[in-house]
Amino acid sequence: MKNKSLELLTSQEVRVVIGYEKGTKCSTRPSFFFLPEDIERMVFDEECKNNLAVYLTKENIKNYGRLAIIANDKTLQSIVKLISENQIREDNLFVLTPGSEDGQVIVLNSIEEIKSFVNKSIPSQKEPDSVDELVARIRKMSREERWKYWQDEFARCIRCYACRAACPLCYCTRCTVESSQPQWVPVASHVLGNMEWHIIRAMHMSGRCTDCGACAEACPVNINLQALTRVVRESIQDEFNLTTEEYLEGNNVLSSFKPNDNETFIR
Amino acid sequence: MPTVETYKISPVSLEKLFYQLLKEDRKIYAPVRRNDQVVFDLVTRYEEICTDFIQTAASPKNLIFPRYENLFSYKKGKDGVEIQQFNPDSIPEIVIWGLRPCDAAGFKVLKSLFNWDYKDEIFNTRLNKTTIIGFSCNQCDEYCFCTSVGGNPGNTTGSDLLITKAGEAGYLVEAVTEKGKGVIERSDSLFESSDNIRKEEFLADVPVMFTPDLLKEKLEKVFESEIWQQQSIRCLGCGACTYICPICACFDIQDEAHGKKGTRIRCWDSCGFSLFTQHASGHNPRMNQAQRWRQRVMHKYVYMPERIHEIGCTGCGRCSRACPVDMNILDHLKSILKS
């Protein structure tokens, strides 16, 4: 990873490489590498969990023009989704991702390459994790119990918007909660304001969220937002009968319209 | 400054003190484990209190400066507007038990801030009705830097009582304020003479990295530096650091109207948000994250010392621990000093 990044910076094919460096304690953190000598700081291992795709839509980063990004699985899926939403220009981007062999680095620099790599590399079945357990528990609840569960969770929300800031798909330059005329969502972090914010976000994410978990990871009060994002993604894939490939590359199902839609209410 | 009185209390008596305060009809907030975090919450049983932690996830500032609060409510009628003012009697007497000295010191800074020119009645009422029982730190981590910003792990500032665990046999109790002395007077049978306990032996060792004056002097010279852009490039622009900070107190005023009646609400706000400084015209004087990050640092270590003679940071390290992209403030301050 370091060699390839160094090569791209030395040959001036890219202005900046977005990757990881050692962070506080044993963690790693996002880092930006502009000069060949910066590469010394670079690390890439299992601990590199941040979804770096979040930086690709930021104005100040886009202004650098050609860039390379070190991508873990979560970052790759977000990139495909961002491409499908016309947020990334392929001629500006090199994606560096680990291959199946030890130390192997795959360089992807066209949309087709990125898509086909992601489709091949995403396992069709994944191991259930703690989020799945929680989702199963929530699914067993009655409607009233579920409403109560999320009210209690969101009562803790301090509305710091770390979930929004950490999300690669939350790239709106002006979020609906920032509208003051009219004020759609109360600014105060009372239960009503918090419920409205999180419901609006979940709806806006439907069919777009890749369930990377960056929102939950960022939450300073440990609200398990991934239980919500997972249900959102799974429900959309199930209801619209989409393969992972179709889900990532297709249009946002809730905001696209087809004249031959099966439902009659829409015509 | 009243003199500090020192006592000793046994573990059994400390528990009794807790229940004595409960009996006095006070709500007690203390660190407890919830959702894989240590947070301040209402406690009614002594054994719920968590003591083995470095720092709670969020500071206890919300107990005195809530994340949203009603300032007044209004009703438009035939005879004009009827205003229902904030009622100081609606504020309960509370105890914050087991907070760290850096958080207690934070309340002193907030007090200066909320009395800088306008005397904020709501804030002052809440603070006056709060008894602050701090516990000294016997452990720290690499995020802690209280000793570089004028504090220390046994700092009495801001606490009414400061309690230091002195081995297994008991605790040293320092009654710092009249309010603290009142707690002791009301339960004096629980306290013994302090037997010259050497407090320093039981405190965490937090290394001094710099002095506030040195930092201020340096910061005044680097306003135009590239360093803000370099440091903030990974910042995502959320408000997590400011919301969990014991001192950040910027707020937004909102009216929630329902037909002819409504409420004016004070809500937390954050200098990390682009909207924070955006004018109605659309112009934004702090147009990028670098300028917002610079403002946060400058406000804490330069502007607040100048305006209210307090440092806007107590070195609790929360912002660094909570940041989703590890914007470690201590690292950043050290690299500014080196630049």
# chains A, B, ... in the order shown; residues from 1 in each chain; ligands from 1
$ select_by_dssp --residues "region 132-300 of chain B" --states "strand (DSSP E)" --output "PyMOL selection string"
chain B and resi 132-135+161-166+170-175+191-193+251-258+261-268
$ residues_around --residues "Gly272 (chain B)" --least-positions-apart "5" --cutoff "6 Å" --atoms "only C-alpha atoms" --output "list in words"
Gly237, Cys238, Gly239 and Arg292 of chain B
$ interface_residues --of "chain A" --to "chain B" --cutoff "9 Å" --atoms "only C-alpha atoms" --output "ChimeraX atom specification"
/A:23-25,27-32,50,54-55,60-61,158-166,178,186-190,214,217-223
$ write_last_selection --atoms "N, CA and C atoms" --output "compact mmCIF listing (two decimals), in the first residue's frame"
# COMPACT_ATOMS: atom_id res chain seq x y z
N GLY A 23 -3.00 6.20 15.27
CA GLY A 23 -3.72 7.17 16.09
C GLY A 23 -3.36 7.03 17.55
N THR A 24 -4.20 7.59 18.41
CA THR A 24 -3.97 7.49 19.84
C THR A 24 -4.25 6.06 20.30
N LYS A 25 -3.63 5.65 21.38
CA LYS A 25 -3.70 4.28 21.86
C LYS A 25 -3.29 3.34 20.73
N SER A 27 -5.14 2.62 18.11
CA SER A 27 -6.03 2.77 16.96
C SER A 27 -5.33 3.43 15.77
N THR A 28 -6.06 3.50 14.67
CA THR A 28 -5.56 4.25 13.52
C THR A 28 -6.58 5.35 13.23
N ARG A 29 -6.18 6.32 12.44
CA ARG A 29 -7.10 7.41 12.11
C ARG A 29 -6.91 7.84 10.66
N PRO A 30 -7.90 8.50 10.09
CA PRO A 30 -7.76 8.96 8.71
C PRO A 30 -6.59 9.95 8.61
N SER A 31 -5.90 9.90 7.50
CA SER A 31 -4.80 10.84 7.31
C SER A 31 -4.64 11.16 5.83
N PHE A 32 -4.04 12.29 5.56
CA PHE A 32 -3.89 12.77 4.18
C PHE A 32 -2.40 12.87 3.87
N ASN A 50 -12.15 3.24 9.77
CA ASN A 50 -12.91 4.40 9.29
C ASN A 50 -13.29 4.23 7.83
N VAL A 54 -16.13 9.10 3.14
CA VAL A 54 -16.79 10.31 3.63
C VAL A 54 -16.08 11.58 3.14
N TYR A 55 -14.77 11.46 2.89
CA TYR A 55 -14.01 12.65 2.49
C TYR A 55 -14.17 12.99 1.01
N ASN A 60 -13.45 20.85 -0.01
CA ASN A 60 -12.01 21.15 0.06
C ASN A 60 -11.16 19.98 -0.43
N ILE A 61 -11.68 18.76 -0.31
CA ILE A 61 -10.92 17.59 -0.77
C ILE A 61 -11.08 17.47 -2.29
N ILE A 158 -27.88 13.72 21.63
CA ILE A 158 -27.56 15.11 21.97
C ILE A 158 -27.55 16.00 20.74
N ARG A 159 -27.87 15.41 19.57
CA ARG A 159 -27.95 16.14 18.30
C ARG A 159 -26.63 16.81 17.94
N CYS A 160 -25.56 16.07 18.10
CA CYS A 160 -24.25 16.58 17.69
C CYS A 160 -24.03 16.34 16.20
N TYR A 161 -24.90 15.51 15.62
CA TYR A 161 -24.85 15.19 14.19
C TYR A 161 -23.55 14.50 13.78
N ALA A 162 -22.93 13.78 14.72
CA ALA A 162 -21.74 13.00 14.36
C ALA A 162 -22.15 11.89 13.39
N CYS A 163 -23.38 11.36 13.54
CA CYS A 163 -23.86 10.30 12.64
C CYS A 163 -23.89 10.83 11.21
N ARG A 164 -24.38 12.04 11.06
CA ARG A 164 -24.48 12.66 9.74
C ARG A 164 -23.09 12.97 9.19
N ALA A 165 -22.24 13.50 10.05
CA ALA A 165 -20.92 13.92 9.60
C ALA A 165 -20.05 12.73 9.18
N ALA A 166 -20.24 11.58 9.85
CA ALA A 166 -19.39 10.43 9.57
C ALA A 166 -19.90 9.62 8.38
N GLU A 178 -31.34 21.90 8.73
CA GLU A 178 -30.78 23.24 8.81
C GLU A 178 -31.69 24.30 8.19
N PRO A 186 -37.55 20.30 14.85
CA PRO A 186 -37.14 21.12 16.00
C PRO A 186 -35.63 20.99 16.26
N VAL A 187 -35.01 22.12 16.61
CA VAL A 187 -33.57 22.13 16.88
C VAL A 187 -33.27 21.49 18.24
N ALA A 188 -34.17 21.69 19.18
CA ALA A 188 -33.94 21.19 20.54
C ALA A 188 -33.84 19.66 20.54
N SER A 189 -32.97 19.14 21.40
CA SER A 189 -32.78 17.69 21.42
C SER A 189 -33.76 17.03 22.38
N HIS A 190 -35.04 17.43 22.29
CA HIS A 190 -36.05 16.69 23.05
C HIS A 190 -36.47 15.48 22.23
N ALA A 214 -20.65 3.53 10.10
CA ALA A 214 -19.87 4.71 10.52
C ALA A 214 -20.67 5.60 11.47
N GLU A 217 -20.57 4.05 14.91
CA GLU A 217 -19.20 4.16 15.40
C GLU A 217 -18.92 5.58 15.91
N ALA A 218 -19.48 6.56 15.24
CA ALA A 218 -19.21 7.96 15.58
C ALA A 218 -20.03 8.46 16.76
N CYS A 219 -21.15 7.81 17.04
CA CYS A 219 -22.08 8.32 18.05
C CYS A 219 -21.43 8.39 19.43
N PRO A 220 -21.33 9.58 20.03
CA PRO A 220 -20.67 9.69 21.33
C PRO A 220 -21.50 9.15 22.48
N VAL A 221 -22.79 8.92 22.26
CA VAL A 221 -23.61 8.38 23.35
C VAL A 221 -24.04 6.94 23.08
N ASN A 222 -23.34 6.29 22.15
CA ASN A 222 -23.56 4.87 21.87
C ASN A 222 -24.99 4.48 21.53
N ILE A 223 -25.65 5.25 20.70
CA ILE A 223 -26.96 4.81 20.20
C ILE A 223 -26.67 3.82 19.07
$ select_by_dssp --residues "region 74-147 of chain A" --states "helix (DSSP H, G or I)" --output "PyMOL selection string"
chain A and resi 74-84+90-92+111-121+130-140+143-147
$ residues_around --residues "Gly182 (chain B)" --least-positions-apart "3" --cutoff "12 Å" --atoms "only C-alpha atoms" --output "PyMOL selection string"
chain B and resi 5+21+131+160-161+175-179+185-188
$ residues_around --residues "Ala280 (chain B)" --least-positions-apart "5" --cutoff "12 Å" --atoms "only C-alpha atoms" --output "ChimeraX atom specification"
/A:179-181 /B:275,285
$ residues_around --residues "Ser100 (chain A)" --least-positions-apart "3" --cutoff "12 Å" --atoms "only C-alpha atoms" --output "number ranges by chain"
A: 97, 103-106, 117, 120-121
$ atom_distance --atom1 "CA of Gln226 (chain A)" --atom2 "CA of Ser255 (chain A)"
22.4 Å
$ residues_around --residues "Asp205 (chain B)" --least-positions-apart "6" --cutoff "12 Å" --atoms "only C-alpha atoms" --output "number ranges by chain"
B: 136-142, 144-147, 152-154
$ atom_distance --atom1 "CA of Leu8 (chain A)" --atom2 "CA of Ile111 (chain A)"
18.7 Å
$ closest_residue --among "A:Thr243, A:Thr75, A:Ser11, A:Thr210" --to "Val231 (chain A)" --atoms "only C-alpha atoms"
A:Thr210
